[in-house]
>>> print(open('final_17.txt').read())   # compact mmCIF, C-alpha atoms
# COMPACT_ATOMS: atom_id res chain seq x y z
CA MET A 201 0.00 0.00 0.00
CA PRO A 202 1.44 3.40 -0.90
CA ALA A 203 2.62 5.67 1.89
CA ARG A 204 0.79 8.87 2.63
CA THR A 205 1.07 11.71 5.10
CA GLU A 206 -1.32 11.95 8.02
CA PRO A 207 -4.49 13.65 6.73
CA SER A 208 -5.83 16.86 8.13
CA ARG A 209 -9.26 16.53 9.71
CA ASN A 210 -10.43 19.44 7.57
CA SER A 211 -9.59 17.48 4.43
CA GLU A 212 -11.72 14.45 5.33
CA PHE A 213 -15.41 14.08 4.55
CA ASP A 214 -18.16 11.50 4.17
CA GLY A 215 -19.87 11.04 0.84
CA TRP A 216 -22.00 8.88 -1.43
CA VAL A 217 -20.69 7.27 -4.61
CA ILE A 218 -23.01 8.45 -7.39
CA ALA A 219 -21.07 7.15 -10.40
CA ALA A 220 -18.54 4.40 -10.94
CA PHE A 221 -16.36 3.42 -13.89
CA GLY A 222 -13.75 0.83 -12.97
CA ARG A 223 -11.55 2.48 -10.35
CA HIS A 224 -12.87 5.98 -11.06
CA PHE A 225 -15.79 7.45 -9.13
CA LEU A 226 -17.85 10.55 -8.50
CA VAL A 227 -18.58 11.21 -4.84
CA ARG A 228 -21.21 13.63 -3.55
CA ASP A 229 -20.72 15.07 -0.07
CA ALA A 230 -23.36 16.18 2.42
CA GLY A 231 -23.36 19.69 1.00
CA GLY A 232 -24.06 18.47 -2.52
CA THR A 233 -20.57 19.03 -3.94
CA VAL A 234 -19.55 16.36 -6.44
CA ARG A 235 -15.87 15.41 -6.80
CA PRO A 236 -13.97 12.80 -8.85
CA ALA A 237 -12.40 10.19 -6.60
CA ARG A 238 -10.28 7.06 -6.58
CA PRO A 239 -9.90 4.36 -3.93
CA PHE A 240 -6.80 4.59 -1.77
CA GLY A 241 -5.10 1.23 -2.16
CA ARG A 242 -5.79 -1.68 -4.48
CA ARG A 243 -7.66 -3.81 -1.96
CA LEU A 244 -10.53 -1.38 -1.45
CA THR A 245 -13.63 -2.29 -3.48
CA VAL A 246 -16.04 0.57 -4.12
CA VAL A 247 -19.30 0.53 -6.11
CA CYS A 248 -22.09 2.91 -6.97
CA GLY A 249 -24.35 3.48 -3.96
CA ASP A 250 -21.59 3.02 -1.41
CA GLU A 251 -21.34 5.40 1.53
CA VAL A 252 -17.67 6.27 1.84
CA HIS A 253 -15.14 8.19 3.93
CA CYS A 254 -12.81 10.32 1.83
CA GLU A 255 -9.84 12.63 1.98
CA LEU A 256 -9.19 15.51 -0.39
CA ASP A 257 -6.01 15.21 -2.44
CA PRO A 258 -4.12 18.49 -1.94
CA HIS A 259 -2.25 18.06 -5.22
CA HIS A 260 -5.12 17.12 -7.54
CA ALA A 261 -8.77 18.10 -7.98
CA GLU A 262 -10.00 14.77 -6.67
CA ALA A 263 -10.50 12.80 -3.48
CA HIS A 264 -9.20 9.50 -2.15
CA VAL A 265 -11.73 6.99 -0.85
CA LEU A 266 -10.26 5.78 2.44
CA GLY A 267 -13.01 3.42 3.53
CA VAL A 268 -16.48 2.07 2.78
CA ARG A 269 -19.24 2.19 5.39
CA PRO A 270 -21.04 -1.11 6.15
CA ARG A 271 -23.50 -1.87 3.34
CA ARG A 272 -27.16 -2.34 4.21
CA THR A 273 -27.73 -4.34 1.04
CA CYS A 274 -25.58 -5.36 -1.90
CA LEU A 275 -26.13 -7.18 -5.19
CA TYR A 276 -23.28 -9.56 -6.03
CA ARG A 277 -22.33 -11.22 -9.30
CA ALA A 278 -19.85 -13.97 -10.13
CA SER A 279 -16.48 -12.68 -11.24
CA GLY A 280 -14.51 -14.04 -14.17
CA ARG A 281 -12.06 -15.71 -11.79
CA GLY A 282 -14.67 -17.80 -9.99
CA GLY A 283 -15.09 -15.41 -7.08
CA SER A 284 -17.65 -12.70 -6.45
CA GLU A 285 -17.85 -8.95 -6.81
CA PRO A 286 -20.40 -6.32 -5.79
CA VAL A 287 -22.45 -4.61 -8.51
CA PHE A 288 -24.02 -1.80 -6.45
CA ALA A 289 -24.82 -1.18 -2.80
CA ASN A 290 -27.48 0.14 -0.43
CA VAL A 291 -30.40 -0.27 -2.83
CA SER A 292 -33.89 -1.11 -1.59
CA LEU A 293 -35.52 -2.00 -4.92
CA LEU A 294 -34.29 -3.81 -8.02
CA LEU A 295 -36.06 -2.98 -11.30
CA VAL A 296 -35.43 -5.65 -13.94
CA ALA A 297 -36.21 -4.27 -17.40
CA LEU A 298 -37.35 -6.43 -20.29
CA ALA A 299 -39.23 -5.90 -23.55
CA PRO A 300 -40.97 -7.89 -26.28
CA LEU A 301 -37.87 -7.23 -28.39
CA PRO A 302 -35.13 -8.25 -28.02
CA VAL A 303 -36.59 -11.60 -26.98
CA PRO A 304 -36.10 -11.82 -23.20
CA ASP A 305 -33.57 -14.20 -21.73
CA TYR A 306 -35.71 -15.38 -18.82
CA PHE A 307 -32.83 -17.29 -17.25
CA VAL A 308 -30.91 -14.02 -16.89
CA ILE A 309 -34.01 -12.35 -15.42
CA ASP A 310 -34.36 -15.23 -12.95
CA ARG A 311 -30.79 -14.85 -11.82
CA TYR A 312 -31.16 -11.14 -11.18
CA LEU A 313 -34.28 -11.87 -9.12
CA CYS A 314 -32.52 -14.64 -7.19
CA ALA A 315 -29.58 -12.39 -6.36
CA ALA A 316 -31.96 -9.67 -5.16
CA ALA A 317 -34.11 -12.02 -3.06
CA SER A 318 -31.05 -13.60 -1.46
CA GLY A 319 -29.69 -10.13 -0.67
CA GLY A 320 -32.87 -8.83 0.93
CA ILE A 321 -33.69 -6.49 -1.97
CA ALA A 322 -37.27 -6.16 -3.21
CA ALA A 323 -37.73 -6.53 -6.97
CA ARG A 324 -40.18 -5.67 -9.76
CA LEU A 325 -40.26 -6.24 -13.48
CA ILE A 326 -40.39 -3.31 -15.91
CA LEU A 327 -41.91 -4.21 -19.28
CA ASN A 328 -40.76 -1.51 -21.70
CA LYS A 329 -41.87 -0.96 -25.33
CA HIS A 330 -45.60 -1.08 -24.52
CA GLU A 331 -46.30 -0.24 -28.17
CA LEU A 332 -45.08 -3.72 -29.22
CA ALA A 333 -47.40 -6.70 -28.95
CA ALA A 334 -46.52 -9.25 -26.27
CA GLU A 335 -46.35 -12.83 -27.50
CA ALA A 336 -47.89 -15.76 -25.65
CA GLN A 337 -44.67 -16.87 -23.96
CA LEU A 338 -44.02 -13.40 -22.58
CA THR A 339 -47.57 -13.23 -21.21
CA ALA A 340 -47.18 -16.66 -19.60
CA GLU A 341 -43.83 -15.77 -18.08
CA LEU A 342 -45.13 -12.52 -16.59
CA ALA A 343 -48.08 -14.41 -15.10
CA ALA A 344 -45.66 -16.92 -13.55
CA TYR A 345 -43.55 -14.12 -12.09
CA GLY A 346 -46.73 -12.64 -10.68
CA ARG A 347 -47.51 -15.92 -8.91
CA GLY A 348 -44.01 -15.75 -7.49
CA GLY A 349 -44.72 -12.33 -6.02
CA TYR A 350 -43.13 -10.15 -8.71
CA SER A 351 -45.41 -7.47 -10.10
CA THR A 352 -44.87 -5.92 -13.53
CA ILE A 353 -45.02 -2.26 -14.49
CA THR A 354 -45.78 -1.80 -18.19
CA CYS A 355 -44.41 1.36 -19.76
CA SER A 356 -43.00 2.95 -22.90
CA ALA A 357 -39.93 5.12 -22.98
CA ARG A 358 -40.99 6.21 -26.47
CA SER A 359 -44.47 7.51 -25.59
CA GLY A 360 -44.11 8.11 -21.86
CA PHE A 361 -46.83 5.58 -21.01
CA GLY A 362 -46.42 4.27 -17.45
CA ILE A 363 -43.56 6.60 -16.50
CA ASP A 364 -45.60 8.30 -13.76
CA GLN A 365 -46.36 4.90 -12.24
CA LEU A 366 -42.68 4.01 -12.36
CA LEU A 367 -41.78 7.25 -10.58
CA GLU A 368 -44.40 6.50 -7.93
CA VAL A 369 -42.94 3.03 -7.32
CA CYS A 370 -39.49 4.55 -6.85
CA ALA A 371 -40.71 7.20 -4.39
CA GLY A 372 -38.70 6.97 -1.17
CA GLU A 373 -36.58 4.12 -2.58
CA VAL A 374 -33.01 3.71 -3.76
CA ALA A 375 -33.80 1.71 -6.88
CA ALA A 376 -31.45 0.06 -9.36
CA LEU A 377 -32.34 -0.50 -13.00
CA VAL A 378 -30.84 -3.57 -14.69
CA GLY A 379 -31.55 -5.62 -17.80
CA GLN A 380 -30.35 -6.97 -21.09
CA SER A 381 -28.81 -4.71 -23.69
CA GLY A 382 -31.41 -3.36 -26.09
CA VAL A 383 -34.44 -3.30 -23.79
CA GLY A 384 -34.41 0.51 -23.69
CA LYS A 385 -32.92 1.23 -20.27
CA SER A 386 -31.14 4.38 -21.44
CA SER A 387 -34.39 5.67 -22.97
CA LEU A 388 -36.21 4.99 -19.71
CA VAL A 389 -33.57 6.93 -17.78
CA ARG A 390 -33.91 9.88 -20.15
CA ARG A 391 -37.67 9.85 -19.48
CA LEU A 392 -37.18 9.67 -15.73
CA VAL A 393 -34.29 12.13 -15.32
CA PRO A 394 -33.54 14.00 -18.56
CA ALA A 395 -31.41 16.75 -16.99
CA ALA A 396 -29.44 14.47 -14.69
CA GLN A 397 -28.26 12.24 -17.54
CA ILE A 398 -26.53 15.20 -19.18
CA GLU A 399 -25.09 16.47 -15.90
CA ILE A 400 -23.60 13.16 -14.77
CA GLY A 401 -22.40 12.33 -18.27
CA ASP A 402 -20.46 15.60 -18.48
CA LEU A 403 -18.86 14.96 -15.10
CA MET A 404 -17.82 11.45 -16.08
CA ARG A 405 -16.28 12.68 -19.33
CA GLU A 406 -14.14 15.06 -17.30
CA THR A 407 -12.67 12.05 -15.48
CA GLU A 408 -9.87 11.27 -17.94
CA GLY A 409 -12.29 11.18 -20.87
CA ARG A 410 -13.78 7.84 -19.86
CA HIS A 411 -16.69 6.41 -21.85
CA THR A 412 -19.92 6.80 -19.91
CA THR A 413 -21.99 3.97 -21.39
CA THR A 414 -20.29 1.39 -19.15
CA ALA A 415 -20.61 3.44 -15.97
CA SER A 416 -23.09 2.87 -13.16
CA ARG A 417 -24.72 6.15 -12.19
CA LEU A 418 -27.07 7.31 -9.48
CA TYR A 419 -29.74 9.92 -10.23
CA GLN A 420 -32.11 11.91 -8.06
CA LEU A 421 -35.74 11.31 -9.04
CA ASP A 422 -38.88 13.30 -8.39
CA ARG A 423 -40.87 12.28 -5.30
CA SER A 424 -37.77 11.66 -3.16
CA GLY A 425 -36.47 8.63 -5.01
CA GLN A 426 -33.03 7.70 -6.31
CA LEU A 427 -32.17 5.50 -9.28
CA ILE A 428 -28.96 3.66 -10.10
CA ASP A 429 -28.66 2.89 -13.81
CA SER A 430 -26.44 -0.13 -14.39
CA PRO A 431 -24.96 -0.98 -17.82
CA GLY A 432 -26.93 -3.37 -20.01
CA VAL A 433 -25.68 -6.97 -20.08
CA ARG A 434 -25.79 -10.01 -22.33
CA ASP A 435 -25.57 -12.32 -19.36
CA PHE A 436 -25.63 -12.16 -15.57
CA ALA A 437 -24.36 -14.81 -13.18
CA PRO A 438 -25.14 -14.31 -9.49
CA ALA A 439 -22.39 -14.92 -6.95
CA LEU A 440 -23.34 -18.41 -5.77
CA GLU A 441 -21.87 -17.97 -2.30
CA TYR A 442 -24.34 -15.13 -1.60
CA LEU A 443 -27.46 -17.03 -2.67
CA GLU A 444 -29.90 -18.22 -0.03
CA ARG A 445 -28.88 -21.86 0.13
CA ARG A 446 -32.27 -23.58 0.46
CA SER A 447 -34.27 -21.85 -2.29
CA LEU A 448 -31.42 -20.04 -4.12
CA GLY A 449 -33.70 -16.99 -4.10
CA PHE A 450 -36.61 -18.59 -6.03
CA THR A 451 -39.63 -17.33 -4.13
CA GLU A 452 -41.94 -20.11 -5.40
CA ILE A 453 -39.44 -22.79 -4.34
CA GLU A 454 -39.28 -21.34 -0.85
CA ARG A 455 -43.08 -21.38 -0.59
CA LEU A 456 -43.56 -24.87 -2.02
CA ALA A 457 -40.65 -26.52 -0.18
CA VAL A 458 -42.57 -26.69 3.10
CA GLY A 459 -44.61 -29.51 1.52
CA CYS A 460 -41.58 -31.68 0.70
CA ARG A 461 -41.07 -34.92 2.59
CA PHE A 462 -37.46 -34.12 3.47
CA ALA A 463 -36.38 -30.87 5.10
CA ASP A 464 -33.12 -30.88 3.12
CA CYS A 465 -34.79 -31.65 -0.21
CA LEU A 466 -32.91 -30.20 -3.18
CA HIS A 467 -35.97 -30.63 -5.44
CA LEU A 468 -34.03 -32.58 -8.06
CA ARG A 469 -34.65 -36.34 -7.65
CA GLU A 470 -35.90 -36.74 -4.08
CA PRO A 471 -39.19 -38.64 -3.52
CA GLN A 472 -42.36 -36.83 -2.47
CA CYS A 473 -40.98 -33.46 -3.53
CA ALA A 474 -43.66 -30.78 -3.54
CA VAL A 475 -41.65 -28.59 -5.89
CA ARG A 476 -41.31 -31.25 -8.59
CA ALA A 477 -45.00 -32.10 -8.19
CA ALA A 478 -45.90 -28.42 -8.72
CA ALA A 479 -43.76 -28.30 -11.87
CA GLU A 480 -45.44 -31.44 -13.22
CA SER A 481 -48.93 -30.10 -12.53
CA GLY A 482 -48.23 -26.68 -14.01
CA GLU A 483 -48.59 -24.82 -10.71
CA LEU A 484 -44.89 -23.97 -11.08
CA LEU A 485 -43.90 -22.92 -14.59
CA ALA A 486 -41.72 -25.67 -16.06
CA ARG A 487 -39.21 -23.14 -17.39
CA ARG A 488 -38.84 -21.56 -13.96
CA TYR A 489 -38.24 -25.01 -12.47
CA GLU A 490 -35.59 -25.72 -15.12
CA SER A 491 -33.98 -22.40 -14.27
CA TYR A 492 -33.84 -23.48 -10.61
CA ARG A 493 -32.36 -26.88 -11.59
CA ARG A 494 -29.57 -25.25 -13.59
CA LEU A 495 -28.66 -22.89 -10.78
CA ARG A 496 -28.90 -25.66 -8.16
CA ARG A 497 -26.45 -27.84 -10.10
CA LEU A 498 -23.96 -24.97 -10.28
CA TYR A 499 -24.43 -24.27 -6.59
CA GLU A 500 -23.89 -27.90 -5.55
CA GLU A 501 -20.86 -28.21 -7.81
CA GLN A 502 -19.31 -25.18 -6.18
CA ARG A 503 -20.05 -26.51 -2.68
CA SER A 504 -18.52 -29.86 -3.60
CA HIS A 505 -15.45 -28.18 -5.07
CA ARG A 506 -14.99 -26.18 -1.86
CA GLY A 507 -15.66 -29.18 0.35
CA GLY A 508 -19.02 -27.91 1.57
CA GLY A 509 -20.92 -31.15 0.98
CA ARG A 510 -24.69 -31.32 0.65
CA SER A 511 -26.89 -28.38 1.69
CA SER A 512 -28.54 -28.77 5.04
>>> encode(input="final_17.txt", output="structure tokens")
Amino acid sequence: MPARTEPSRNSEFDGWVIAAFGRHFLVRDAGGTVRPARPFGRRLTVVCGDEVHCELDPHHAEAHVLGVRPRRTCLYRASGRGGSEPVFANVSLLLVALAPLPVPDYFVIDRYLCAAASGGIAARLILNKHELAAEAQLTAELAAYGRGGYSTITCSARSGFGIDQLLEVCAGEVAALVGQSGVGKSSLVRRLVPAAQIEIGDLMRETEGRHTTTASRLYQLDRSGQLIDSPGVRDFAPALEYLERRSLGFTEIERLAVGCRFADCLHLREPQCAVRAAAESGELLARRYESYRRLRRLYEEQRSHRGGGRSS
């Protein structure tokens, strides 16, 4: 870790990370001043939404992030090296965007929802592009999510339909917007916070000319809400070690599992499994059950590799 002189108390402040691009951040202090910042030391992991303690750099127009306050919530994803990494912190609501086109990858949607449920974050689905007709599979999937406790807000970034309802849902929340590339997340953000997009984008461009399309950014919404816009993805893999180990974050599995014969049922091949019975009867959408099976296999493989044995 690089050496540094003892900081002056007047140079230290607490702030909130409102934009993140790699190891570059924008931090807003209690007075509303926004400064570019970098973490002090390579071991410090900082993400959008973090509450941080900083020190002003007397030689540059930026701040050093010295520490991260304990996170109330955090969404984690699997890293490319088999570990885990935080995506954003201190959010109370996850908004998973989808649209009739591009065709939704429901397995990716499931994994976002599982990561949120396991992390104690409420979630809703945002169906954008209301002007496009929804095909039968999309209608069936949304109905299944509804049975699992996930409501859907239908809207259109193009026409503005449903935007007021979306703002109302975000009132008093720190929400995060995620989804596949192409579903119209950027257009939704422009509808929700047109001025803020320009403001934050300009600030990010000042930080060594970084591209802004891959940055996570936090915006102030009307009605006392905040919104973190996360870059669009082709795929999302939740960090398995942070998943709730019995249901893996599948709300229907958690509800149905109380009817299983065995308390440690994995809902794969065990006899008298209420979850498998629900999938066979159609009470549980077969595709959702297959999504659970895929994630369960990955989870058990990881536990076996780490010597964790069977879930209990």
>>> closest_atom_pairs(input="final_17.txt", of="stretch 330-445 of chain A", to="stretch 257-275 of chain A", cutoff="9 Å", atoms="all atoms listed in the file", output="Markdown table")
| residue | atom | partner | partner_atom | distance |
| --- | --- | --- | --- | --- |
| A:Pro438 | CA | A:Leu275 | CA | 8.4 |
| A:Ala439 | CA | A:Leu275 | CA | 8.8 |
| A:Tyr442 | CA | A:Leu275 | CA | 8.9 |
>>> atom_distance(input="final_17.txt", atom1="atom CA of A:Glu212", atom2="atom CA of A:His224")
18.5 Å
>>> closest_residue(input="final_17.txt", among="A:Gly384, A:Gly425, A:Pro431, A:Pro236", to="A:Val287", atoms="all atoms listed in the file")
A:Pro431
>>> closest_residue(input="final_17.txt", among="A:Leu327, A:Arg347, A:Val303, A:Cys248", to="A:Gly482", atoms="all atoms listed in the file")
A:Arg347
>>> atom_distance(input="final_17.txt", atom1="atom CA of A:Tyr276", atom2="atom CA of A:Phe225")
18.8 Å
>>> residues_near_point(input="final_17.txt", point="(-31.7, -22.1, -5.9)", cutoff="6 Å", atoms="all atoms listed in the file", output="ChimeraX atom specification")
/A:447-449,492,495-496
>>> closest_residue(input="final_17.txt", among="A:Ser292, A:Gly215, A:Ser279, A:Ala474", to="A:Glu255", atoms="all atoms listed in the file")
A:Gly215
>>> atom_distance(input="final_17.txt", atom1="atom CA of A:Val374", atom2="atom CA of A:Tyr419")
9.5 Å
>>> closest_residue(input="final_17.txt", among="A:Ile321, A:Ala343, A:Leu427, A:Ala230", to="A:Gly249", atoms="only C-alpha atoms")
A:Leu427
>>> residues_around(input="final_17.txt", residues="A:Leu313", least_positions_apart="2", cutoff="9 Å", atoms="only C-alpha atoms", output="ChimeraX atom specification")
/A:294,296,308-311,315-318,321-324,449-450
